[in-house]
Amino acid sequence: NHFVAVAQLVNSIALTVFLLLFAVTKIIYKVQEARDLKKGITDTKFTTVPEVYLVSTISEWLVATSVLTFALTFMWDFRALVMETPRVNVNFELIENGETRSVTNGTQKNSKDDTNMNTINSSVL
């Protein structure tokens with residue numbers, strides 16, 4: 001779909017801009033915070049550079065939103081994907097007796113008859 005490709009491109013460009021903005025403002029804030037700590041000032045984000053702190057926080061949220069939006073653009077690609085719970089068979093008698101099971105060429109060879117095998121259905125969380 002052409003619309004999805006354009007949306008992904010625009011979102012990727014925006015994500016790059018937001019990420020760079022976040023990195024630059026975070027570095028500026030941390031440098032100023034270190035300078036203020038030497039002077040004994042402990043509330044840098046509210047007194048010395050509140051604008052930088054605010055831009056850093058907003059750009060951080062915009063990065064998170066862009067990442068989620070980008071992931072959602074793949075919804076159409078994954079709409080036919082079906083997840084099913086796997087079935088796991090456990091033969092408790094083999095475990096209790098300490099016997100082993102060997103697998104050769106994709107076929108299982110058992111040391112005992114599997115007539116008493118218990119079946120456990122597990123769900124994927």
# chains A, B, ... in the order shown; residues from 1 in each chain; ligands from 1
>>> residues_around(residues="segment 39-52 of chain A", least_positions_apart="4", cutoff="8 Å", atoms="only C-alpha atoms", output="list in words")
Thr25, Lys26, Ile28, Tyr29, Gln32, Glu33, Arg35 and Ser56 of chain A
>>> residues_around(residues="segment 59-76 of chain A", least_positions_apart="5", cutoff="8 Å", atoms="only C-alpha atoms", output="PyMOL selection string")
chain A and resi 4+7-8+11-12+14-15+18-19+21-22
>>> write_last_selection(atoms="N, CA and C atoms", output="PDB file, in the first residue's frame")
ATOM      1  N   VAL A   4       0.754   3.504   3.264  1.00  0.00           N
ATOM      2  CA  VAL A   4       1.502   2.974   4.410  1.00  0.00           C
ATOM      3  C   VAL A   4       2.999   3.249   4.245  1.00  0.00           C
ATOM      4  N   ALA A   7       3.590   6.864   4.979  1.00  0.00           N
ATOM      5  CA  ALA A   7       3.447   7.083   6.422  1.00  0.00           C
ATOM      6  C   ALA A   7       4.676   6.575   7.174  1.00  0.00           C
ATOM      7  N   GLN A   8       5.213   5.431   6.769  1.00  0.00           N
ATOM      8  CA  GLN A   8       6.419   4.909   7.409  1.00  0.00           C
ATOM      9  C   GLN A   8       7.620   5.810   7.158  1.00  0.00           C
ATOM     10  N   ASN A  11       7.136   8.994   9.224  1.00  0.00           N
ATOM     11  CA  ASN A  11       7.330   8.651  10.628  1.00  0.00           C
ATOM     12  C   ASN A  11       8.805   8.417  10.936  1.00  0.00           C
ATOM     13  N   SER A  12       9.529   7.780  10.027  1.00  0.00           N
ATOM     14  CA  SER A  12      10.962   7.539  10.233  1.00  0.00           C
ATOM     15  C   SER A  12      11.746   8.838  10.278  1.00  0.00           C
ATOM     16  N   ALA A  14      10.504  11.820  11.094  1.00  0.00           N
ATOM     17  CA  ALA A  14      10.123  12.488  12.342  1.00  0.00           C
ATOM     18  C   ALA A  14      10.818  11.836  13.542  1.00  0.00           C
ATOM     19  N   LEU A  15      10.882  10.525  13.553  1.00  0.00           N
ATOM     20  CA  LEU A  15      11.545   9.810  14.645  1.00  0.00           C
ATOM     21  C   LEU A  15      13.021  10.198  14.728  1.00  0.00           C
ATOM     22  N   PHE A  18      13.201  13.759  16.173  1.00  0.00           N
ATOM     23  CA  PHE A  18      12.885  13.749  17.610  1.00  0.00           C
ATOM     24  C   PHE A  18      14.014  13.121  18.420  1.00  0.00           C
ATOM     25  N   LEU A  19      14.595  12.058  17.907  1.00  0.00           N
ATOM     26  CA  LEU A  19      15.676  11.381  18.615  1.00  0.00           C
ATOM     27  C   LEU A  19      16.911  12.276  18.711  1.00  0.00           C
ATOM     28  N   LEU A  21      16.905  15.590  18.562  1.00  0.00           N
ATOM     29  CA  LEU A  21      16.523  16.680  19.455  1.00  0.00           C
ATOM     30  C   LEU A  21      16.609  16.235  20.913  1.00  0.00           C
ATOM     31  N   PHE A  22      16.123  15.039  21.190  1.00  0.00           N
ATOM     32  CA  PHE A  22      16.180  14.513  22.549  1.00  0.00           C
ATOM     33  C   PHE A  22      17.629  14.353  23.009  1.00  0.00           C
TER      34      PHE A  22
END
>>> select_by_dssp(residues="segment 8-115 of chain A", states="alpha helix (DSSP H)", output="compact mmCIF listing (two decimals) with N, CA, C and O atoms, in the first residue's frame")
# COMPACT_ATOMS: atom_id res chain seq x y z
N GLN A 8 5.21 5.43 6.77
CA GLN A 8 6.42 4.91 7.41
C GLN A 8 7.62 5.81 7.16
O GLN A 8 8.44 6.03 8.06
N LEU A 9 7.74 6.33 5.96
CA LEU A 9 8.84 7.24 5.63
C LEU A 9 8.75 8.53 6.45
O LEU A 9 9.73 8.96 7.06
N VAL A 10 7.57 9.12 6.48
CA VAL A 10 7.38 10.37 7.25
C VAL A 10 7.63 10.11 8.73
O VAL A 10 8.31 10.90 9.41
N ASN A 11 7.14 8.99 9.22
CA ASN A 11 7.33 8.65 10.63
C ASN A 11 8.81 8.42 10.94
O ASN A 11 9.29 8.82 11.99
N SER A 12 9.53 7.78 10.03
CA SER A 12 10.96 7.54 10.23
C SER A 12 11.75 8.84 10.28
O SER A 12 12.65 9.00 11.10
N ILE A 13 11.40 9.77 9.40
CA ILE A 13 12.07 11.08 9.40
C ILE A 13 11.77 11.83 10.69
O ILE A 13 12.67 12.39 11.33
N ALA A 14 10.50 11.82 11.09
CA ALA A 14 10.12 12.49 12.34
C ALA A 14 10.82 11.84 13.54
O ALA A 14 11.31 12.54 14.44
N LEU A 15 10.88 10.52 13.55
CA LEU A 15 11.55 9.81 14.65
C LEU A 15 13.02 10.20 14.73
O LEU A 15 13.55 10.42 15.82
N THR A 16 13.68 10.30 13.60
CA THR A 16 15.09 10.70 13.57
C THR A 16 15.27 12.11 14.13
O THR A 16 16.17 12.36 14.94
N VAL A 17 14.40 13.02 13.72
CA VAL A 17 14.48 14.41 14.21
C VAL A 17 14.23 14.45 15.72
O VAL A 17 14.99 15.10 16.47
N PHE A 18 13.20 13.76 16.17
CA PHE A 18 12.88 13.75 17.61
C PHE A 18 14.01 13.12 18.42
O PHE A 18 14.34 13.59 19.52
N LEU A 19 14.60 12.06 17.91
CA LEU A 19 15.68 11.38 18.61
C LEU A 19 16.91 12.28 18.71
O LEU A 19 17.54 12.36 19.78
N LEU A 20 17.26 12.95 17.64
CA LEU A 20 18.40 13.89 17.67
C LEU A 20 18.12 15.06 18.62
O LEU A 20 19.00 15.47 19.40
N LEU A 21 16.90 15.59 18.56
CA LEU A 21 16.52 16.68 19.46
C LEU A 21 16.61 16.24 20.91
O LEU A 21 17.14 16.95 21.77
N PHE A 22 16.12 15.04 21.19
CA PHE A 22 16.18 14.51 22.55
C PHE A 22 17.63 14.35 23.01
O PHE A 22 17.99 14.75 24.11
N ALA A 23 18.48 13.78 22.15
CA ALA A 23 19.88 13.56 22.52
C ALA A 23 20.60 14.88 22.80
O ALA A 23 21.31 15.01 23.81
N VAL A 24 20.41 15.86 21.93
CA VAL A 24 21.09 17.15 22.10
C VAL A 24 20.61 17.86 23.36
O VAL A 24 21.42 18.35 24.16
N THR A 25 19.29 17.91 23.57
CA THR A 25 18.78 18.61 24.76
C THR A 25 19.15 17.87 26.04
O THR A 25 19.40 18.51 27.07
N LYS A 26 19.20 16.57 26.01
CA LYS A 26 19.58 15.81 27.20
C LYS A 26 21.04 16.07 27.55
O LYS A 26 21.40 16.21 28.72
N ILE A 27 21.91 16.14 26.53
CA ILE A 27 23.32 16.43 26.77
C ILE A 27 23.49 17.84 27.35
O ILE A 27 24.22 18.04 28.33
N ILE A 28 22.78 18.80 26.76
CA ILE A 28 22.84 20.18 27.27
C ILE A 28 22.38 20.22 28.72
O ILE A 28 23.02 20.85 29.58
N TYR A 29 21.29 19.54 29.01
CA TYR A 29 20.76 19.53 30.38
C TYR A 29 21.75 18.90 31.35
O TYR A 29 21.99 19.43 32.44
N LYS A 30 22.33 17.77 30.98
CA LYS A 30 23.26 17.07 31.89
C LYS A 30 24.53 17.89 32.13
O LYS A 30 25.06 17.91 33.25
N VAL A 31 25.03 18.57 31.10
CA VAL A 31 26.21 19.43 31.27
C VAL A 31 25.89 20.57 32.23
O VAL A 31 26.66 20.88 33.15
N GLN A 32 24.73 21.21 32.02
CA GLN A 32 24.33 22.31 32.90
C GLN A 32 24.07 21.82 34.32
O GLN A 32 24.41 22.50 35.29
N GLU A 33 23.51 20.63 34.46
CA GLU A 33 23.25 20.07 35.78
C GLU A 33 24.57 19.82 36.52
O GLU A 33 24.67 20.10 37.73
N ALA A 34 25.58 19.32 35.81
CA ALA A 34 26.89 19.11 36.44
C ALA A 34 27.51 20.44 36.89
O ALA A 34 28.10 20.53 37.98
N ARG A 35 27.37 21.47 36.07
CA ARG A 35 27.89 22.80 36.44
C ARG A 35 27.16 23.34 37.67
O ARG A 35 27.77 23.93 38.57
N ASP A 36 25.83 23.16 37.68
CA ASP A 36 25.04 23.66 38.82
C ASP A 36 25.36 22.91 40.10
O ASP A 36 25.35 23.50 41.19
N LEU A 37 25.63 21.61 40.00
CA LEU A 37 25.96 20.85 41.21
C LEU A 37 27.26 21.35 41.84
O LEU A 37 27.40 21.35 43.06
N LYS A 38 28.21 21.78 41.00
CA LYS A 38 29.45 22.35 41.52
C LYS A 38 29.19 23.66 42.26
O LYS A 38 29.90 24.01 43.19
N LYS A 39 28.14 24.38 41.82
CA LYS A 39 27.78 25.65 42.47
C LYS A 39 26.84 25.44 43.65
O LYS A 39 26.49 26.39 44.34
N THR A 44 18.16 22.05 38.92
CA THR A 44 18.50 22.60 37.60
C THR A 44 17.30 22.67 36.67
O THR A 44 17.11 23.64 35.95
N LYS A 45 16.47 21.63 36.69
CA LYS A 45 15.37 21.58 35.73
C LYS A 45 14.33 22.67 35.95
O LYS A 45 13.58 23.00 35.04
N PHE A 46 14.27 23.24 37.15
CA PHE A 46 13.27 24.27 37.41
C PHE A 46 13.85 25.68 37.42
O PHE A 46 13.12 26.64 37.23
N THR A 47 15.15 25.80 37.66
CA THR A 47 15.73 27.15 37.80
C THR A 47 16.63 27.55 36.65
O THR A 47 16.42 28.60 36.05
N PRO A 50 14.96 25.44 32.48
CA PRO A 50 13.65 24.77 32.41
C PRO A 50 13.19 24.52 30.98
O PRO A 50 12.52 23.52 30.70
N GLU A 51 13.56 25.41 30.05
CA GLU A 51 13.15 25.24 28.66
C GLU A 51 13.80 24.00 28.03
O GLU A 51 13.16 23.24 27.32
N VAL A 52 15.09 23.84 28.31
CA VAL A 52 15.82 22.68 27.77
C VAL A 52 15.23 21.40 28.34
O VAL A 52 15.04 20.41 27.62
N TYR A 53 14.95 21.40 29.64
CA TYR A 53 14.37 20.22 30.27
C TYR A 53 13.00 19.91 29.67
O TYR A 53 12.68 18.74 29.40
N LEU A 54 12.20 20.92 29.44
CA LEU A 54 10.87 20.73 28.87
C LEU A 54 10.96 20.18 27.44
O LEU A 54 10.24 19.23 27.08
N VAL A 55 11.84 20.74 26.62
CA VAL A 55 12.02 20.26 25.25
C VAL A 55 12.51 18.82 25.25
O VAL A 55 12.07 17.98 24.45
N SER A 56 13.42 18.50 26.17
CA SER A 56 13.94 17.13 26.28
C SER A 56 12.83 16.15 26.64
O SER A 56 12.72 15.08 26.04
N THR A 57 12.00 16.52 27.58
CA THR A 57 10.90 15.65 28.01
C THR A 57 9.87 15.46 26.89
O THR A 57 9.43 14.34 26.63
N ILE A 58 9.51 16.55 26.22
CA ILE A 58 8.53 16.46 25.13
C ILE A 58 9.08 15.62 23.99
O ILE A 58 8.39 14.76 23.44
N SER A 59 10.35 15.84 23.64
CA SER A 59 10.93 15.06 22.54
C SER A 59 11.05 13.58 22.91
O SER A 59 10.93 12.71 22.05
N GLU A 60 11.28 13.29 24.17
CA GLU A 60 11.33 11.89 24.61
C GLU A 60 9.97 11.21 24.40
O GLU A 60 9.90 10.08 23.91
N TRP A 61 8.90 11.89 24.75
CA TRP A 61 7.57 11.34 24.54
C TRP A 61 7.24 11.23 23.04
O TRP A 61 6.56 10.30 22.61
N LEU A 62 7.71 12.18 22.26
CA LEU A 62 7.48 12.10 20.81
C LEU A 62 8.25 10.93 20.19
O LEU A 62 7.75 10.29 19.25
N VAL A 63 9.44 10.63 20.69
CA VAL A 63 10.18 9.45 20.23
C VAL A 63 9.39 8.19 20.53
O VAL A 63 9.22 7.32 19.67
N ALA A 64 8.89 8.08 21.76
CA ALA A 64 8.12 6.90 22.14
C ALA A 64 6.86 6.76 21.28
O ALA A 64 6.53 5.66 20.82
N THR A 65 6.17 7.86 21.04
CA THR A 65 4.97 7.83 20.22
C THR A 65 5.29 7.45 18.78
O THR A 65 4.56 6.67 18.15
N SER A 66 6.40 7.96 18.26
CA SER A 66 6.79 7.63 16.88
C SER A 66 7.14 6.15 16.74
O SER A 66 6.82 5.53 15.72
N VAL A 67 7.80 5.59 17.72
CA VAL A 67 8.15 4.16 17.67
C VAL A 67 6.87 3.31 17.67
O VAL A 67 6.74 2.37 16.89
N LEU A 68 5.93 3.65 18.54
CA LEU A 68 4.67 2.90 18.59
C LEU A 68 3.88 3.07 17.30
O LEU A 68 3.30 2.11 16.78
N THR A 69 3.85 4.27 16.77
CA THR A 69 3.13 4.52 15.52
C THR A 69 3.77 3.74 14.37
O THR A 69 3.07 3.16 13.53
N PHE A 70 5.09 3.70 14.34
CA PHE A 70 5.79 2.94 13.30
C PHE A 70 5.43 1.46 13.39
O PHE A 70 5.17 0.81 12.38
N ALA A 71 5.41 0.92 14.60
CA ALA A 71 5.05 -0.49 14.78
C ALA A 71 3.61 -0.75 14.32
O ALA A 71 3.32 -1.80 13.72
N LEU A 72 2.72 0.19 14.57
CA LEU A 72 1.32 0.02 14.17
C LEU A 72 1.14 0.06 12.65
O LEU A 72 0.14 -0.46 12.14
N PHE A 92 5.03 -39.09 31.30
CA PHE A 92 5.53 -39.06 32.67
C PHE A 92 6.17 -40.38 33.08
O PHE A 92 7.05 -40.41 33.93
N GLU A 93 5.73 -41.48 32.46
CA GLU A 93 6.33 -42.77 32.80
C GLU A 93 7.79 -42.82 32.41
O GLU A 93 8.62 -43.37 33.12
N LEU A 94 8.14 -42.23 31.25
CA LEU A 94 9.53 -42.21 30.84
C LEU A 94 10.37 -41.37 31.79
O LEU A 94 11.51 -41.72 32.10
N ILE A 95 9.80 -40.29 32.27
CA ILE A 95 10.52 -39.42 33.20
C ILE A 95 10.73 -40.14 34.53
O ILE A 95 11.82 -40.13 35.09
N GLU A 96 9.68 -40.80 35.02
CA GLU A 96 9.77 -41.49 36.30
C GLU A 96 10.73 -42.67 36.24
O GLU A 96 11.44 -42.95 37.20
N ASN A 97 10.77 -43.37 35.11
CA ASN A 97 11.63 -44.55 34.97
C ASN A 97 13.04 -44.20 34.55
O ASN A 97 13.90 -45.07 34.47
>>> select_by_dssp(residues="segment 8-91 of chain A", states="strand (DSSP E)", output="VMD selection string")
chain A and resid 87 to 90
